[in-house]
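See below for run.cif, which holds mmCIF, C-alpha atoms and all ligand atoms.
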```
data_entry
loop_
_atom_site.label_atom_id
_atom_site.label_comp_id
_atom_site.auth_asym_id
_atom_site.auth_seq_id
_atom_site.Cartn_x
_atom_site.Cartn_y
_atom_site.Cartn_z
CA MET A 1 -62.99 26.05 4.19
CA SER A 2 -63.31 22.28 4.52
CA ASP A 3 -62.37 20.67 7.82
CA VAL A 4 -59.16 19.16 6.51
CA VAL A 5 -56.69 21.07 4.39
CA GLU A 6 -53.70 19.87 2.40
CA ILE A 7 -50.61 21.90 2.95
CA ARG A 8 -47.16 21.84 1.48
CA LEU A 9 -44.33 23.89 2.88
CA ARG A 10 -40.62 23.89 3.63
CA ILE A 11 -39.48 23.68 7.22
CA ASN A 12 -35.80 24.07 8.07
CA GLY A 13 -34.93 23.34 4.45
CA ARG A 14 -37.04 20.19 4.19
CA GLU A 15 -40.15 19.82 2.10
CA ARG A 16 -43.19 18.76 4.10
CA ARG A 17 -46.72 17.92 3.14
CA GLY A 18 -49.59 17.28 5.44
CA ARG A 19 -53.33 17.01 5.79
CA VAL A 20 -54.30 19.12 8.73
CA PRO A 21 -57.48 20.23 10.43
CA ALA A 22 -58.33 23.67 9.13
CA ARG A 23 -58.18 25.15 12.61
CA LEU A 24 -54.94 23.49 13.73
CA THR A 25 -52.52 26.19 14.82
CA LEU A 26 -49.16 26.40 13.18
CA ALA A 27 -47.52 25.92 16.59
CA ASP A 28 -49.41 22.66 17.18
CA PHE A 29 -48.62 21.51 13.64
CA LEU A 30 -44.90 22.07 14.23
CA ARG A 31 -44.88 20.44 17.64
CA GLU A 32 -47.30 17.57 17.21
CA HIS A 33 -47.17 16.74 13.51
CA CYS A 34 -43.53 17.57 12.81
CA GLY A 35 -41.94 16.76 16.18
CA LEU A 36 -40.34 20.20 16.28
CA THR A 37 -40.91 20.83 19.96
CA GLY A 38 -38.36 23.61 20.19
CA THR A 39 -41.19 25.99 19.35
CA HIS A 40 -42.60 26.55 22.82
CA LEU A 41 -46.10 27.50 23.79
CA GLY A 42 -46.39 29.83 26.73
CA CYS A 43 -49.53 31.92 26.49
CA GLU A 44 -51.07 30.74 23.19
CA HIS A 45 -52.45 34.27 22.86
CA GLY A 46 -49.67 36.13 21.06
CA VAL A 47 -48.34 37.73 24.23
CA CYS A 48 -45.17 35.90 25.30
CA GLY A 49 -43.26 35.32 22.06
CA SER A 50 -42.14 31.79 23.00
CA CYS A 51 -43.63 30.37 19.81
CA THR A 52 -41.80 32.77 17.47
CA ILE A 53 -40.58 31.24 14.21
CA LEU A 54 -39.43 32.67 10.89
CA MET A 55 -41.89 32.60 8.03
CA ASP A 56 -40.37 33.63 4.73
CA GLY A 57 -37.69 35.34 6.80
CA ALA A 58 -40.00 37.35 9.06
CA ALA A 59 -40.60 36.60 12.74
CA VAL A 60 -44.17 35.43 13.37
CA ARG A 61 -46.06 33.93 16.30
CA ALA A 62 -46.93 30.37 15.48
CA CYS A 63 -49.73 30.32 18.07
CA LEU A 64 -51.63 33.02 16.22
CA MET A 65 -51.67 31.34 12.83
CA PHE A 66 -53.33 28.29 11.42
CA ALA A 67 -51.09 25.73 9.79
CA ALA A 68 -53.20 26.15 6.67
CA GLN A 69 -52.07 29.75 6.45
CA ALA A 70 -48.47 28.60 6.10
CA ASP A 71 -49.22 26.66 2.93
CA GLY A 72 -46.43 27.39 0.43
CA ALA A 73 -44.24 29.17 2.97
CA GLU A 74 -40.64 28.65 3.99
CA LEU A 75 -40.37 28.27 7.75
CA THR A 76 -37.41 28.22 10.09
CA THR A 77 -37.90 27.02 13.64
CA VAL A 78 -35.29 27.16 16.37
CA GLU A 79 -34.16 23.69 15.25
CA GLY A 80 -33.09 25.25 11.93
CA ILE A 81 -31.08 28.15 13.35
CA ALA A 82 -27.78 26.31 13.88
CA ALA A 83 -25.60 25.37 10.91
CA PRO A 84 -26.27 21.93 9.39
CA ASP A 85 -23.16 20.58 11.13
CA GLY A 86 -24.54 21.71 14.49
CA THR A 87 -22.37 24.80 14.88
CA LEU A 88 -24.36 27.29 16.93
CA SER A 89 -25.38 30.53 15.26
CA PRO A 90 -23.84 33.74 16.65
CA VAL A 91 -27.07 34.41 18.56
CA GLN A 92 -27.18 30.91 20.05
CA ALA A 93 -23.51 31.02 21.03
CA ALA A 94 -23.95 34.44 22.61
CA PHE A 95 -26.93 33.25 24.68
CA ARG A 96 -24.76 30.44 25.99
CA ASP A 97 -21.76 32.65 26.65
CA HIS A 98 -23.57 35.63 28.21
CA HIS A 99 -26.04 33.84 30.46
CA GLY A 100 -29.01 34.62 28.28
CA LEU A 101 -30.92 31.59 29.48
CA GLN A 102 -31.88 29.97 32.72
CA CYS A 103 -34.80 27.56 32.46
CA GLY A 104 -34.67 28.00 28.68
CA PHE A 105 -38.41 28.04 28.12
CA CYS A 106 -38.44 31.43 26.44
CA THR A 107 -35.08 30.90 24.72
CA PRO A 108 -36.27 29.54 21.36
CA GLY A 109 -38.51 32.56 20.88
CA PHE A 110 -35.76 34.95 21.89
CA VAL A 111 -33.21 33.27 19.62
CA VAL A 112 -35.54 33.38 16.63
CA THR A 113 -36.62 36.96 17.34
CA ALA A 114 -33.03 38.13 17.78
CA THR A 115 -32.00 36.32 14.60
CA ALA A 116 -34.68 38.17 12.64
CA LEU A 117 -33.81 41.45 14.35
CA LEU A 118 -30.12 41.20 13.43
CA LYS A 119 -30.91 40.17 9.87
CA ASP A 120 -33.01 43.31 9.42
CA ASN A 121 -30.71 45.57 11.42
CA PRO A 122 -27.20 44.09 11.77
CA ASP A 123 -25.90 47.07 13.76
CA PRO A 124 -28.64 47.95 16.24
CA THR A 125 -28.35 50.41 19.12
CA ASP A 126 -29.03 49.06 22.60
CA ASP A 127 -32.42 50.77 22.51
CA GLU A 128 -33.23 49.10 19.20
CA ILE A 129 -32.33 45.74 20.74
CA ARG A 130 -34.61 46.43 23.71
CA GLU A 131 -37.40 47.48 21.40
CA GLY A 132 -36.85 44.49 19.11
CA LEU A 133 -37.07 42.05 22.03
CA SER A 134 -39.90 43.80 23.82
CA GLY A 135 -42.51 41.35 22.54
CA ASN A 136 -40.80 38.37 24.20
CA LEU A 137 -41.30 37.57 27.85
CA CYS A 138 -38.86 35.77 30.14
CA ARG A 139 -39.80 34.74 33.63
CA CYS A 140 -36.26 33.96 34.77
CA THR A 141 -33.44 36.21 33.75
CA GLY A 142 -34.32 39.82 34.36
CA TYR A 143 -33.38 40.34 30.71
CA GLN A 144 -29.85 41.65 31.33
CA GLY A 145 -28.17 38.46 30.13
CA ILE A 146 -30.44 38.33 27.10
CA LEU A 147 -29.70 41.94 26.16
CA LYS A 148 -25.97 41.36 26.64
CA ALA A 149 -26.17 38.24 24.49
CA VAL A 150 -27.90 40.00 21.61
CA ARG A 151 -25.46 42.93 21.88
CA ALA A 152 -22.56 40.46 21.70
CA ALA A 153 -24.10 38.62 18.76
CA ALA A 154 -24.61 41.90 16.88
CA ASP A 155 -20.98 42.87 17.54
CA GLU A 156 -19.79 39.43 16.42
CA ILE A 157 -21.80 39.59 13.20
CA SER A 158 -20.52 43.13 12.45
CA ALA A 159 -16.93 42.03 13.12
CA GLU A 160 -17.35 39.02 10.82
CA GLU A 161 -18.76 41.21 8.07
CA ALA A 162 -15.81 43.61 8.42
CA ARG A 163 -13.28 40.78 7.98
S1 LIG B 201 -47.32 31.08 22.83
FE1 LIG B 201 -47.43 32.34 21.10
S2 LIG B 201 -47.02 34.32 21.84
FE2 LIG B 201 -47.16 33.09 23.64
S1 LIG B 202 -35.05 31.53 30.75
FE1 LIG B 202 -36.79 30.84 31.85
S2 LIG B 202 -38.46 31.89 30.99
FE2 LIG B 202 -36.72 32.78 30.11
#
```
Written as structure tokens, how would this file's structure read?
Amino acid sequence: MSDVVEIRLRINGRERRGRVPARLTLADFLREHCGLTGTHLGCEHGVCGSCTILMDGAAVRACLMFAAQADGAELTTVEGIAAPDGTLSPVQAAFRDHHGLQCGFCTPGFVVTATALLKDNPDPTDDEIREGLSGNLCRCTGYQGILKAVRAAADEISAEEAR
């Protein structure tokens, strides 16, 4: 692989091209080249989940990938989770309403992880929610608010689908 790689991808619905160092992480590409600083870096070792984004609809850790590996992919960062008019997604609104965040550092990763979880399993049990969020670490909340928020978002999405 040469030292600089051309990549072309879609991020939050927008086409982007770039020439990036072959070993630039996807997280650093998003933050430093794209200005999308909502993707947070906690551990940079795949442990904390703060850097979670959606890649072709699946939750991935942006700190564990090179930007070059995302060539051709469709990415959604936390900045792309709300509706284009700014309306919060059900997960975002539930985090706000159920005290799912304190300092907010882990919140982007939790919001993206929960969004992917509820897309794959719109009606999860509480245990499935716990399991689905178990790869994300929060230093502040003791997790109860986060679990309540994801439960509420799941219930809201199910109720909307039933309407
Ligand atoms: S920063 Fe990627 S998992 Fe912690
Ligand atoms: S809200 Fe502070 S780390 Fe989770």
(request) All residues within 6 Å of ligand LIG 202 (chain B) are required, counting only C-alpha atoms and all ligand atoms; please report them as a ChimeraX atom specification. (result) /A:101-107,138-141
(request) Select, counting only C-alpha atoms, all protein, DNA and RNA residues no farther than 9 Å from (-56.6, 17.8, 6.0) in file coordinates, and express the selection as a PyMOL selection string. (result) chain A and resi 2-7+18-22
Segment 70-73 of chain A: which residues within 9 Å, counting all atoms listed in the file, same-chain residues fewer than 5 positions away excluded, as a PDB file with C-alpha atoms, in the coordinates of the input?
```
ATOM      1  CA  GLU A   6     -53.700  19.870   2.400  1.00  0.00           C
ATOM      2  CA  ILE A   7     -50.610  21.900   2.950  1.00  0.00           C
ATOM      3  CA  ARG A   8     -47.160  21.840   1.480  1.00  0.00           C
ATOM      4  CA  LEU A   9     -44.330  23.890   2.880  1.00  0.00           C
ATOM      5  CA  ARG A  10     -40.620  23.890   3.630  1.00  0.00           C
ATOM      6  CA  ILE A  11     -39.480  23.680   7.220  1.00  0.00           C
ATOM      7  CA  LEU A  26     -49.160  26.400  13.180  1.00  0.00           C
ATOM      8  CA  MET A  55     -41.890  32.600   8.030  1.00  0.00           C
ATOM      9  CA  ASP A  56     -40.370  33.630   4.730  1.00  0.00           C
ATOM     10  CA  MET A  65     -51.670  31.340  12.830  1.00  0.00           C
TER      11      MET A  65
END
```
(request) Find the spatial neighbours of segment 128-137 of chain A, counting all atoms listed in the file, within a cut-off of 12 Å - ignore same-chain residues fewer than 5 positions away - and output them as an NGL selection string. (result) :A and (41-43 or 46-52 or 59-61 or 104-123 or 142-144 or 146-154)
(request) One decimal, Å: what's the distance from atom CA of Phe66 of chain A over to atom CA of Gly80 of chain A, could you say? (result) 20.5 Å
(request) Have a look at A:Gly145, A:Gly38, A:Gly57, A:Gly13 and name the one nearest to ligand LIG 201 (chain B); count all atoms listed in the file. (result)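 Answer, going by the shortest atom-to-atom distance: A:Gly38.
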(message) For a quick check of understanding, using all atoms listed in the file, which of A:Arg31, A:His40, A:Arg96, A:Arg16 has the smallest distance to ligand LIG 201 (chain B)?
(response)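 Nearest to ligand LIG 201 (chain B): A:His40.
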(request) May I ask for the distance between atom S2 of ligand LIG 201 (chain B) and atom CA of Ala62 of chain A, given in Å to one decimal place? (result)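 Separation of atom S2 of ligand LIG 201 (chain B) and atom CA of Ala62 of chain A: 7.5 Å.
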(message) I'd like the interatomic distance between atom CA of Ile81 of chain A and atom CA of Arg23 of chain A, to a tenth of an Å.
(response)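 Spanning atom CA of Ile81 of chain A to atom CA of Arg23 of chain A is a straight-line distance of 27.3 Å.
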(request) Counting only C-alpha atoms, figure out which residue out of A:Thr39, A:Asp155, A:His45, A:Thr77 gets nearest to Asp126 of chain A. (result)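 Of A:Thr39, A:Asp155, A:His45, A:Thr77, the one nearest Asp126 of chain A is A:Asp155, counting only C-alpha atoms.
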Let me know the centre plus edge lengths, in Å and rounded to one decimal, of a box with edges along x, y and z that contains all listed atoms of ligand LIG 201 (chain B) and is padded by 4 Å on every side, as JSON.
```
{"center_x": -47.2, "center_y": 32.7, "center_z": 22.4, "size_x": 8.4, "size_y": 11.2, "size_z": 10.5}
```
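Distance check against Glu79 of chain A using all atoms listed in the file: of A:Glu32, A:Asn12, A:Thr125, A:Val91, the minimum falls on A:Asn12.
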